[in-house]
Each structure stands twice: as structure tokens, then as C-alpha cells.
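So this block is final_34.cif, mmCIF, C-alpha atoms:
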```cif
data_model
loop_
_atom_site.group_PDB
_atom_site.id
_atom_site.type_symbol
_atom_site.label_atom_id
_atom_site.label_comp_id
_atom_site.auth_asym_id
_atom_site.auth_seq_id
_atom_site.Cartn_x
_atom_site.Cartn_y
_atom_site.Cartn_z
ATOM 1 C CA MET A 1 6.732 4.324 -2.813
ATOM 2 C CA ASN A 2 3.930 1.829 -2.448
ATOM 3 C CA ARG A 3 4.504 0.665 -5.971
ATOM 4 C CA PHE A 4 8.089 -0.119 -5.069
ATOM 5 C CA LEU A 5 6.919 -2.023 -2.021
ATOM 6 C CA LEU A 6 4.498 -4.103 -3.976
ATOM 7 C CA VAL A 7 7.089 -4.850 -6.607
ATOM 8 C CA ALA A 8 9.566 -5.818 -3.907
ATOM 9 C CA LEU A 9 6.958 -8.080 -2.385
ATOM 10 C CA GLY A 10 6.381 -9.770 -5.682
ATOM 11 C CA VAL A 11 10.089 -10.090 -6.259
ATOM 12 C CA THR A 12 10.650 -11.658 -2.906
ATOM 13 C CA SER A 13 7.896 -14.119 -3.543
ATOM 14 C CA LEU A 14 9.239 -14.964 -6.936
ATOM 15 C CA LEU A 15 12.873 -15.194 -5.948
ATOM 16 C CA LEU A 16 12.546 -17.080 -2.732
ATOM 17 C CA THR A 17 9.589 -19.319 -3.156
ATOM 18 C CA GLY A 18 8.370 -19.115 -6.720
ATOM 19 C CA CYS A 19 4.942 -18.362 -5.281
ATOM 20 C CA PRO A 20 3.334 -15.076 -6.278
ATOM 21 C CA ASP A 21 0.775 -15.083 -3.464
ATOM 22 C CA PRO A 22 2.041 -12.994 -0.535
ATOM 23 C CA ALA A 23 -0.461 -14.558 1.825
ATOM 24 C CA THR A 24 1.295 -17.897 1.571
ATOM 25 C CA THR A 25 4.822 -16.653 1.129
ATOM 26 C CA THR A 26 7.652 -17.121 3.577
ATOM 27 C CA PHE A 27 9.868 -14.098 3.656
ATOM 28 C CA SER A 28 13.544 -14.041 4.328
ATOM 29 C CA GLY A 29 13.776 -10.453 5.418
ATOM 30 C CA ILE A 30 12.558 -7.896 7.836
ATOM 31 C CA ALA A 31 9.292 -6.053 7.891
ATOM 32 C CA ARG A 32 8.616 -2.925 9.841
ATOM 33 C CA THR A 33 5.596 -0.771 10.407
ATOM 34 C CA ASP A 34 5.786 2.944 9.918
ATOM 35 C CA ASP A 35 6.369 3.088 13.631
ATOM 36 C CA ALA A 36 9.451 0.960 13.124
ATOM 37 C CA CYS A 37 8.075 -2.049 14.960
ATOM 38 C CA LEU A 38 9.389 -5.426 13.966
ATOM 39 C CA VAL A 39 6.414 -7.443 12.835
ATOM 40 C CA SER A 40 7.618 -10.901 13.623
ATOM 41 C CA GLU A 41 5.008 -11.806 16.220
ATOM 42 C CA ASP A 42 6.858 -14.889 17.376
ATOM 43 C CA ASP A 43 10.232 -13.367 18.050
ATOM 44 C CA PRO A 44 10.939 -9.658 17.561
ATOM 45 C CA GLN A 45 14.651 -10.362 17.708
ATOM 46 C CA ASP A 46 14.480 -12.820 14.846
ATOM 47 C CA TRP A 47 16.103 -11.187 11.857
ATOM 48 C CA GLN A 48 14.634 -13.622 9.409
ATOM 49 C CA PRO A 49 11.040 -13.759 10.561
ATOM 50 C CA ARG A 50 8.203 -15.395 8.782
ATOM 51 C CA MET A 51 5.744 -12.860 7.473
ATOM 52 C CA SER A 52 2.737 -12.898 9.770
ATOM 53 C CA THR A 53 -0.769 -12.686 8.415
ATOM 54 C CA SER A 54 -1.258 -9.289 10.013
ATOM 55 C CA ALA A 55 1.990 -8.087 8.464
ATOM 56 C CA VAL A 56 0.803 -9.151 5.034
ATOM 57 C CA ARG A 57 -2.390 -7.188 5.607
ATOM 58 C CA GLN A 58 -0.362 -4.149 6.654
ATOM 59 C CA LEU A 59 1.873 -4.565 3.653
ATOM 60 C CA ARG A 60 -1.112 -4.609 1.347
ATOM 61 C CA ARG A 61 -2.311 -1.377 2.902
ATOM 62 C CA GLY A 62 1.107 0.127 2.295
ATOM 63 C CA GLU A 63 1.755 0.567 5.997
ATOM 64 C CA ILE A 64 5.040 -1.245 6.218
ATOM 65 C CA THR A 65 8.186 -1.538 4.245
ATOM 66 C CA VAL A 66 10.016 -4.742 3.554
ATOM 67 C CA GLU A 67 13.709 -5.306 3.560
ATOM 68 C CA VAL A 68 14.695 -8.337 1.610
ATOM 69 C CA GLN A 69 17.702 -10.593 1.603
ATOM 70 C CA PRO A 70 17.791 -12.275 -1.796
ATOM 71 C CA GLU A 71 19.267 -15.752 -1.885
ATOM 72 C CA ARG A 72 20.411 -15.485 -5.494
ATOM 73 C CA VAL A 73 20.741 -13.034 -8.330
ATOM 74 C CA GLY A 74 17.472 -12.228 -10.019
ATOM 75 C CA CYS A 75 15.976 -9.834 -12.512
ATOM 76 C CA ILE A 76 12.636 -8.101 -12.052
ATOM 77 C CA PRO A 77 10.941 -7.526 -15.417
ATOM 78 C CA ALA A 78 9.772 -4.052 -16.341
ATOM 79 C CA CYS A 79 6.272 -3.158 -15.249
ATOM 80 C CA PRO A 80 4.226 -1.741 -16.900
ATOM 81 C CA ASN A 81 5.243 -3.137 -20.241
ATOM 82 C CA PRO A 82 4.414 -1.885 -22.884
ATOM 83 C CA VAL A 83 5.232 1.537 -21.530
ATOM 84 C CA SER A 84 4.516 5.070 -22.719
ATOM 85 C CA ARG A 85 6.274 7.153 -20.061
ATOM 86 C CA LEU A 86 7.563 5.456 -16.893
ATOM 87 C CA THR A 87 8.274 1.821 -16.164
ATOM 88 C CA THR A 88 9.950 0.122 -13.219
ATOM 89 C CA PHE A 89 12.374 -2.781 -13.305
ATOM 90 C CA GLY A 90 14.994 -4.098 -10.944
ATOM 91 C CA PHE A 91 17.430 -6.740 -9.911
ATOM 92 C CA ALA A 92 18.389 -8.601 -6.778
ATOM 93 C CA VAL A 93 21.861 -9.543 -5.611
ATOM 94 C CA PRO A 94 22.693 -11.691 -2.572
ATOM 95 C CA GLU A 95 26.072 -10.028 -1.998
ATOM 96 C CA THR A 96 27.910 -6.816 -2.833
ATOM 97 C CA GLN A 97 29.206 -6.833 -6.385
ATOM 98 C CA ASN A 98 29.726 -4.734 -9.484
ATOM 99 C CA VAL A 99 26.702 -4.391 -11.721
ATOM 100 C CA SER A 100 26.112 -2.519 -14.925
ATOM 101 C CA VAL A 101 22.687 -1.740 -16.328
ATOM 102 C CA ARG A 102 22.432 -0.767 -19.974
ATOM 103 C CA LEU A 103 19.570 0.118 -22.258
ATOM 104 C CA LEU A 104 19.934 -1.364 -25.759
ATOM 105 C CA ARG A 105 17.952 -1.269 -28.965
ATOM 106 C CA SER A 106 16.700 -4.634 -30.203
ATOM 107 C CA SER A 107 19.715 -4.636 -32.522
ATOM 108 C CA ASN A 108 21.903 -4.627 -29.354
ATOM 109 C CA GLU A 109 23.110 -1.107 -30.108
ATOM 110 C CA GLU A 110 23.549 0.687 -26.802
ATOM 111 C CA VAL A 111 21.220 3.614 -26.120
ATOM 112 C CA ARG A 112 22.806 4.487 -22.791
ATOM 113 C CA THR A 113 24.360 3.036 -19.684
ATOM 114 C CA LEU A 114 21.949 3.600 -16.819
ATOM 115 C CA PHE A 115 24.328 2.569 -14.081
ATOM 116 C CA SER A 116 27.706 0.968 -13.621
ATOM 117 C CA GLY A 117 29.282 0.392 -10.242
ATOM 118 C CA LYS A 118 29.196 -1.507 -6.980
ATOM 119 C CA VAL A 119 25.866 -2.338 -5.355
ATOM 120 C CA THR A 120 25.170 -3.842 -1.948
ATOM 121 C CA ALA A 121 23.141 -6.981 -1.276
ATOM 122 C CA GLY A 122 19.421 -6.441 -1.687
ATOM 123 C CA VAL A 123 16.789 -5.573 -4.231
ATOM 124 C CA HIS A 124 17.409 -2.518 -6.399
ATOM 125 C CA MET A 125 14.525 -0.946 -8.281
ATOM 126 C CA TYR A 126 14.851 1.572 -11.087
ATOM 127 C CA GLU A 127 12.201 3.820 -12.600
ATOM 128 C CA LEU A 128 12.978 4.267 -16.290
ATOM 129 C CA ASP A 129 11.713 7.342 -18.111
ATOM 130 C CA VAL A 130 11.183 6.482 -21.783
ATOM 131 C CA THR A 131 9.745 9.802 -22.947
ATOM 132 C CA ASP A 132 12.862 10.513 -24.998
ATOM 133 C CA LEU A 133 12.754 7.139 -26.771
ATOM 134 C CA THR A 134 11.014 6.430 -30.052
ATOM 135 C CA ASN A 135 8.492 3.623 -30.286
ATOM 136 C CA GLY A 136 10.002 0.161 -30.496
ATOM 137 C CA THR A 137 11.442 -2.707 -28.518
ATOM 138 C CA TYR A 138 14.381 -2.073 -26.225
ATOM 139 C CA ARG A 139 16.403 -4.379 -24.022
ATOM 140 C CA VAL A 140 17.525 -3.805 -20.475
ATOM 141 C CA ALA A 141 20.833 -5.644 -20.120
ATOM 142 C CA ILE A 142 22.052 -6.262 -16.579
ATOM 143 C CA ASP A 143 25.630 -7.472 -16.266
ATOM 144 C CA PHE A 144 26.504 -9.015 -12.913
ATOM 145 C CA GLU A 145 30.037 -9.532 -11.659
ATOM 146 C CA LYS A 146 29.183 -12.804 -9.965
ATOM 147 C CA ALA A 147 26.386 -14.244 -12.080
ATOM 148 C CA ALA A 148 25.259 -14.722 -15.630
ATOM 149 C CA ASP A 149 24.023 -11.593 -17.384
ATOM 150 C CA THR A 150 20.327 -11.092 -17.899
ATOM 151 C CA PHE A 151 18.161 -9.335 -20.436
ATOM 152 C CA GLY A 152 14.615 -8.072 -20.429
ATOM 153 C CA ASP A 153 12.635 -6.494 -23.212
ATOM 154 C CA VAL A 154 10.748 -3.227 -22.879
ATOM 155 C CA LEU A 155 8.246 -2.209 -25.517
ATOM 156 C CA VAL A 156 7.871 1.564 -25.889
ATOM 157 C CA GLN A 157 4.498 2.338 -27.401
ATOM 158 C CA ARG A 158 2.459 5.549 -27.501
ATOM 159 C CA MET B 1 22.751 28.745 7.853
ATOM 160 C CA THR B 2 21.346 26.910 10.845
ATOM 161 C CA LYS B 3 23.382 23.983 12.115
ATOM 162 C CA PRO B 4 22.395 21.175 14.437
ATOM 163 C CA LEU B 5 23.709 21.381 17.960
ATOM 164 C CA SER B 6 23.159 17.671 18.418
ATOM 165 C CA LEU B 7 22.156 14.600 16.432
ATOM 166 C CA LYS B 8 21.401 11.662 18.684
ATOM 167 C CA ARG B 9 19.953 8.249 18.042
ATOM 168 C CA ARG B 10 16.987 8.028 20.388
ATOM 169 C CA ASN B 11 16.649 4.286 19.730
ATOM 170 C CA VAL B 12 17.216 1.852 16.859
ATOM 171 C CA ALA B 13 14.548 3.534 14.777
ATOM 172 C CA VAL B 14 14.643 7.239 15.594
ATOM 173 C CA LEU B 15 17.155 10.067 15.192
ATOM 174 C CA SER B 16 16.659 13.211 17.270
ATOM 175 C CA SER B 17 18.080 16.644 16.595
ATOM 176 C CA VAL B 18 18.445 19.992 18.320
ATOM 177 C CA TRP B 19 19.312 23.019 16.176
ATOM 178 C CA ALA B 20 21.016 26.310 16.886
ATOM 179 C CA ASP B 21 17.819 28.269 16.277
ATOM 180 C CA GLY B 22 15.933 26.240 18.873
ATOM 181 C CA PHE B 23 14.215 23.878 16.468
ATOM 182 C CA GLU B 24 13.899 20.308 17.737
ATOM 183 C CA SER B 25 12.720 17.314 15.800
ATOM 184 C CA SER B 26 12.872 13.527 15.701
ATOM 185 C CA ILE B 27 12.513 11.426 12.566
ATOM 186 C CA LEU B 28 12.474 7.774 11.596
ATOM 187 C CA LEU B 29 15.827 6.534 10.384
ATOM 188 C CA SER B 30 13.964 4.999 7.454
ATOM 189 C CA ASP B 31 12.943 8.518 6.409
ATOM 190 C CA LEU B 32 16.559 9.631 6.609
ATOM 191 C CA ARG B 33 17.576 6.690 4.419
ATOM 192 C CA ASP B 34 14.761 7.453 1.961
ATOM 193 C CA ALA B 35 16.163 10.973 1.654
ATOM 194 C CA CYS B 36 19.697 9.768 0.894
ATOM 195 C CA PRO B 37 21.039 12.399 -1.508
ATOM 196 C CA CYS B 38 23.705 10.276 -3.218
ATOM 197 C CA ALA B 39 23.652 9.787 -6.970
ATOM 198 C CA TYR B 40 22.809 6.096 -6.691
ATOM 199 C CA CYS B 41 19.652 6.851 -4.694
ATOM 200 C CA THR B 42 18.477 10.114 -6.239
ATOM 201 C CA GLY B 43 19.939 10.019 -9.724
ATOM 202 C CA GLU B 44 22.313 12.217 -11.595
ATOM 203 C CA GLU B 45 22.021 15.300 -13.757
ATOM 204 C CA ILE B 46 24.476 16.536 -16.354
ATOM 205 C CA MET B 47 23.979 20.027 -17.780
ATOM 206 C CA GLY B 48 20.498 20.130 -16.307
ATOM 207 C CA GLN B 49 19.440 16.875 -17.937
ATOM 208 C CA LYS B 50 18.654 13.798 -15.863
ATOM 209 C CA VAL B 51 20.916 11.018 -17.099
ATOM 210 C CA PHE B 52 20.285 8.545 -14.311
ATOM 211 C CA GLU B 53 17.095 8.267 -12.278
ATOM 212 C CA GLY B 54 18.518 6.552 -9.219
ATOM 213 C CA PHE B 55 17.735 3.203 -7.630
ATOM 214 C CA LYS B 56 15.400 2.452 -4.752
ATOM 215 C CA THR B 57 17.103 -0.175 -2.593
ATOM 216 C CA PHE B 58 15.590 -2.814 -0.360
ATOM 217 C CA ALA B 59 18.272 -4.521 1.711
ATOM 218 C CA PRO B 60 18.792 -5.957 5.188
ATOM 219 C CA GLY B 61 20.080 -3.240 7.474
ATOM 220 C CA MET B 62 19.184 -0.465 5.081
ATOM 221 C CA ASN B 63 17.464 1.535 7.822
ATOM 222 C CA GLU B 64 20.001 0.837 10.539
ATOM 223 C CA LEU B 65 22.328 3.768 11.013
ATOM 224 C CA GLU B 66 25.858 2.759 11.897
ATOM 225 C CA ARG B 67 27.305 6.255 12.208
ATOM 226 C CA LEU B 68 27.114 9.887 11.141
ATOM 227 C CA GLN B 69 30.500 11.215 10.155
ATOM 228 C CA PRO B 70 31.007 15.016 10.015
ATOM 229 C CA VAL B 71 32.035 16.281 6.578
ATOM 230 C CA GLY B 72 33.882 19.584 6.746
ATOM 231 C CA ASN B 73 31.615 22.127 8.365
ATOM 232 C CA TYR B 74 28.715 21.675 5.988
ATOM 233 C CA GLY B 75 27.139 18.299 6.690
ATOM 234 C CA VAL B 76 27.347 14.654 7.694
ATOM 235 C CA GLN B 77 27.945 11.393 5.875
ATOM 236 C CA ALA B 78 25.682 8.530 6.886
ATOM 237 C CA GLU B 79 26.931 4.972 7.100
ATOM 238 C CA TRP B 80 24.194 2.335 7.007
ATOM 239 C CA LYS B 81 24.371 -1.275 8.074
ATOM 240 C CA ASP B 82 23.777 -2.571 4.544
ATOM 241 C CA GLY B 83 27.099 -1.008 3.544
ATOM 242 C CA HIS B 84 25.695 2.087 1.859
ATOM 243 C CA SER B 85 27.689 5.178 2.803
ATOM 244 C CA SER B 86 27.837 7.474 -0.203
ATOM 245 C CA GLY B 87 25.179 9.910 0.972
ATOM 246 C CA ILE B 88 26.356 13.278 2.314
ATOM 247 C CA TYR B 89 23.565 15.304 3.900
ATOM 248 C CA THR B 90 24.246 19.024 3.976
ATOM 249 C CA TRP B 91 22.792 20.919 6.934
ATOM 250 C CA GLU B 92 20.094 22.339 4.629
ATOM 251 C CA MET B 93 19.101 18.875 3.418
ATOM 252 C CA LEU B 94 19.123 17.497 6.917
ATOM 253 C CA ARG B 95 16.997 20.354 8.242
ATOM 254 C CA ALA B 96 14.500 19.853 5.423
ATOM 255 C CA VAL B 97 14.116 16.172 6.306
ATOM 256 C CA PHE B 98 13.726 16.940 10.002
ATOM 257 C CA GLU B 99 11.052 19.518 9.194
ATOM 258 C CA ALA B 100 9.144 17.392 6.690
ATOM 259 C CA LYS B 101 9.251 14.081 8.565
ATOM 260 C CA ARG B 102 8.993 15.299 12.147
ATOM 261 C CA LEU B 103 7.364 12.735 14.443
ATOM 262 C CA SER B 104 4.724 13.736 16.944
ATOM 263 C CA GLU B 105 5.253 13.148 20.662
ATOM 264 C CA GLU B 106 2.490 10.548 20.542
ATOM 265 C CA THR B 107 4.201 8.625 17.756
ATOM 266 C CA LEU B 108 7.527 8.791 19.568
ATOM 267 C CA SER B 109 5.898 7.390 22.697
ATOM 268 C CA ASN B 110 4.327 4.589 20.674
ATOM 269 C CA ILE B 111 7.673 3.698 19.146
ATOM 270 C CA ASP B 112 9.378 3.693 22.541
ATOM 271 C CA HIS B 113 6.601 1.499 23.911
ATOM 272 C CA GLN B 114 6.734 -0.943 20.997
ATOM 273 C CA LEU B 115 10.490 -1.231 21.125
ATOM 274 C CA SER B 116 10.585 -1.758 24.878
ATOM 275 C CA ALA B 117 7.830 -4.369 24.571
ATOM 276 C CA GLY B 118 9.855 -6.107 21.876
ATOM 277 C CA THR B 119 12.970 -6.360 24.004
ATOM 278 C CA SER B 120 11.394 -7.332 27.322
#
```

Would you mind writing the structure in this file as C-alpha cells?
Amino acid sequence: MNRFLLVALGVTSLLLTGCPDPATTTFSGIARTDDACLVSEDDPQDWQPRMSTSAVRQLRRGEITVEVQPERVGCIPACPNPVSRLTTFGFAVPETQNVSVRLLRSSNEEVRTLFSGKVTAGVHMYELDVTDLTNGTYRVAIDFEKAADTFGDVLVQR
Amino acid sequence: MTKPLSLKRRNVAVLSSVWADGFESSILLSDLRDACPCAYCTGEEIMGQKVFEGFKTFAPGMNELERLQPVGNYGVQAEWKDGHSSGIYTWEMLRAVFEAKRLSEETLSNIDHQLSAGTS
């Protein structure tokens, strides 16, 4: 779970500000503690609070979750990469739309469709198990209904 | 099979339950969302083989429960504010979440206090 949170944090930073440092990042989203307390110290009713310093500290300790509202479509590269067993990648969509996620060989031959259907606005993370794949370079192809398609390479290596 | 006698939202963050066998428990709505049993969230198996691992979603309103809709006599369907509504929790699933994620009285008091402080 914490890994997802950290990835989401990085994604938010990357998508919204281009800055990878959470300490200086402005979030467009909502953060909550495990006790479900809104962490916006200025205005608890503000649904797009700035991330407070204390919230960033809590986030780093894995004590809060972050809900993000992406402003545009984005792709989160697989991490770790190269991968031997499990890797995590994702995508962000600012509005509900149809998305398909396919795993391809480098020759663009499809290995399998991981998902195809409607997704709601937000960041969607996927943990890919590659234990049944032979060594080599694969592509994760994400086709968005309302944006250009994206690709990311995953190197399977044992 | 034990069924809940009541499922009530204690506040914006907590769902409370009373069961026919006397069991009572309150959980965070975020824990209920984390346990969403739909194929998109938990993945899909065909002939015993996992063909889809499931996505973990981060979205505005993802932990805000809009409604619980009874499904037959075996469970409830949760509708969340981010538009997700494909998860049907059977009574067994629901009971398991309420047992595993049960909040202590102290934690419940803290949540009530924090929420009332936030709205005053």
C-alpha cells in the first residue's frame, strides 16, 4: 500500500508541477490521516488544499493516503524496471473515459490485454506480474479515449 | 450466515454495523473502499489463473460513500462519490472487513473530535 502511495505522490508531483520533490509540491487533491482527518490546516473544508509540511511528513511515514485529481492524462512508467517478478505502472485521467491497457512484445505483437473498459477520473495503478514472461523488452500500451495513446517499455530480466 | 441488522454511516469517514449475532463494529470508509471486491479493484481469475491483477485507484471522492444498495438477500452494492459502483460486498465479505478493520472506541472518539473541530 505504501508503495502505491509513494508512487501516487510522485505522479502527482510530476503531473501537476513537474517537480519531483514532495516538500515543495502543491497538490490538487485531498489528503487524509488514517483517522480520516482532512490535513489542510488552513481550511478543512477546502477540497483542493495545499499540502502542508506536516502532511508531507505524515505522507512520508505512510500515515496518510492521498486522493489526486489529475489535470491531464498521464502515464506512470513501470517501477522497478528492469523487473524480475513484480512491477508497478499506472496512468492518470482527468475525467471518466474508456481506457485499454495492453502488454506487447517489442515487435508490437500483443501478449495480452490487461484491461479494457471505463475508468473514473483519478490515478490508476497496476501491479504487473511478469513471472510467466520470458526475458526481453515488452511494451505497455495505454489507449485513451480522449487523449493520445502512450507507450512504456518494461525490461524483463532474471 | 450472519447478516447485519444495520449499516449506518456514523460520520463522513466511518461506517458502523450491528449484526444478528450481536457483533458490533465500526470501520473507516477508506478500508471498505480498499476491500472493494469488484474485478477492476481485485483482479480477475479464469479457470483458477489470474488474468488481471486489478487496479489501485486514487481519485477525488474515492472514500466518500454515496449509498449502499441491497442486492438480493446476500449483500450490498456500494456507490462511491468518484463514480465507482461495481463492487458488491456479500455479507461474508462485509463481516470479514468489519472484523479485520474494527476501530477502537478511542479511535472513534478521536475521529469524532477531529471532524467536529474541522467543522466548527

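The shortest atom-to-atom distance to Ile88 in chain B, with only C-alpha atoms taken into account, belongs to B:Gly72 out of B:Pro4, B:Gly72, B:Gly22, B:Pro60.
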
Original post:
Skipping near chain neighbours, those fewer than 2 positions away, what residues fall within 7 Å of Trp80 in chain B using all atoms listed in the file, listed as an MDAnalysis selection string?
Top reply: chainID B and resid 61:66 78 82:85

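The chain B residues that come within 8 Å of chain A are Ala13, Leu28, Val51, Phe52, Glu53, Gly54, Phe55, Lys56, Thr57, Phe58, Ala59, Pro60, Gly61, Met62, Asp82, Gly83, His84, Thr107, Asn110, Ile111, Gln114, Leu115, Gly118 and Thr119 of chain B, with all atoms listed in the file taken into account.
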
Prev. selection, C-alpha atoms, output as an mmCIF file, keeping the file's coordinate frame:
```cif
data_model
loop_
_atom_site.group_PDB
_atom_site.id
_atom_site.type_symbol
_atom_site.label_atom_id
_atom_site.label_comp_id
_atom_site.auth_asym_id
_atom_site.auth_seq_id
_atom_site.Cartn_x
_atom_site.Cartn_y
_atom_site.Cartn_z
ATOM 1 C CA ALA B 13 14.548 3.534 14.777
ATOM 2 C CA LEU B 28 12.474 7.774 11.596
ATOM 3 C CA VAL B 51 20.916 11.018 -17.099
ATOM 4 C CA PHE B 52 20.285 8.545 -14.311
ATOM 5 C CA GLU B 53 17.095 8.267 -12.278
ATOM 6 C CA GLY B 54 18.518 6.552 -9.219
ATOM 7 C CA PHE B 55 17.735 3.203 -7.630
ATOM 8 C CA LYS B 56 15.400 2.452 -4.752
ATOM 9 C CA THR B 57 17.103 -0.175 -2.593
ATOM 10 C CA PHE B 58 15.590 -2.814 -0.360
ATOM 11 C CA ALA B 59 18.272 -4.521 1.711
ATOM 12 C CA PRO B 60 18.792 -5.957 5.188
ATOM 13 C CA GLY B 61 20.080 -3.240 7.474
ATOM 14 C CA MET B 62 19.184 -0.465 5.081
ATOM 15 C CA ASP B 82 23.777 -2.571 4.544
ATOM 16 C CA GLY B 83 27.099 -1.008 3.544
ATOM 17 C CA HIS B 84 25.695 2.087 1.859
ATOM 18 C CA THR B 107 4.201 8.625 17.756
ATOM 19 C CA ASN B 110 4.327 4.589 20.674
ATOM 20 C CA ILE B 111 7.673 3.698 19.146
ATOM 21 C CA GLN B 114 6.734 -0.943 20.997
ATOM 22 C CA LEU B 115 10.490 -1.231 21.125
ATOM 23 C CA GLY B 118 9.855 -6.107 21.876
ATOM 24 C CA THR B 119 12.970 -6.360 24.004
#
```

**OP:** Give me the result of the PyMOL selection byres ((chain A and resi 74-83) around 8) on this file, residue by residue, as a ChimeraX atom specification.
**Re:** /A:11,15,72-73,84-93,130,150,152-158

Original post:
Which residues, written as a VMD selection string, have at least one atom at most 10 Å from Arg9 in chain B, with only C-alpha atoms counted and residues fewer than 4 positions away on the same chain left out?
Top reply: chain B and resid 13 to 17 26 to 29 65 67

Subject >> Output check: residues returned by the PyMOL selection byres ((chain B and resi 5) around 6), as a list in words >> reply: Pro4, Ser6, Val18, Trp19 and Ala20 of chain B

Selected residues, C-alpha atoms, written as a CSV table (one decimal), in the coordinates of the input, please.
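Now in result.csv:
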```csv
chain,number,residue,atom,x,y,z
B,4,PRO,CA,22.4,21.2,14.4
B,6,SER,CA,23.2,17.7,18.4
B,18,VAL,CA,18.4,20.0,18.3
B,19,TRP,CA,19.3,23.0,16.2
B,20,ALA,CA,21.0,26.3,16.9
```

Subject >> Distance in Å - CA of Leu7 in chain B versus CA of Ser109 in chain B >> reply: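 Result for CA of Leu7 in chain B versus CA of Ser109 in chain B: 18.9 Å, one decimal.
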
Subject >> Interatomic distance (Å, one decimal) between CA of Ala39 in chain B and CA of Met93 in chain B >> reply: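 Those two atoms sit 14.5 Å apart.
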
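We find CA of Leu133 in chain A and CA of Asn108 in chain A to be spaced 15.1 Å apart.
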
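Here the PyMOL selection byres ((chain A and resi 144) around 9) matches the residues A:Val73, A:Val93, A:Gln97, A:Asn98, A:Val99, A:Ser100, A:Val101, A:Ile142, A:Asp143, A:Glu145, A:Lys146, A:Ala147, A:Ala148, A:Asp149, A:Thr150.
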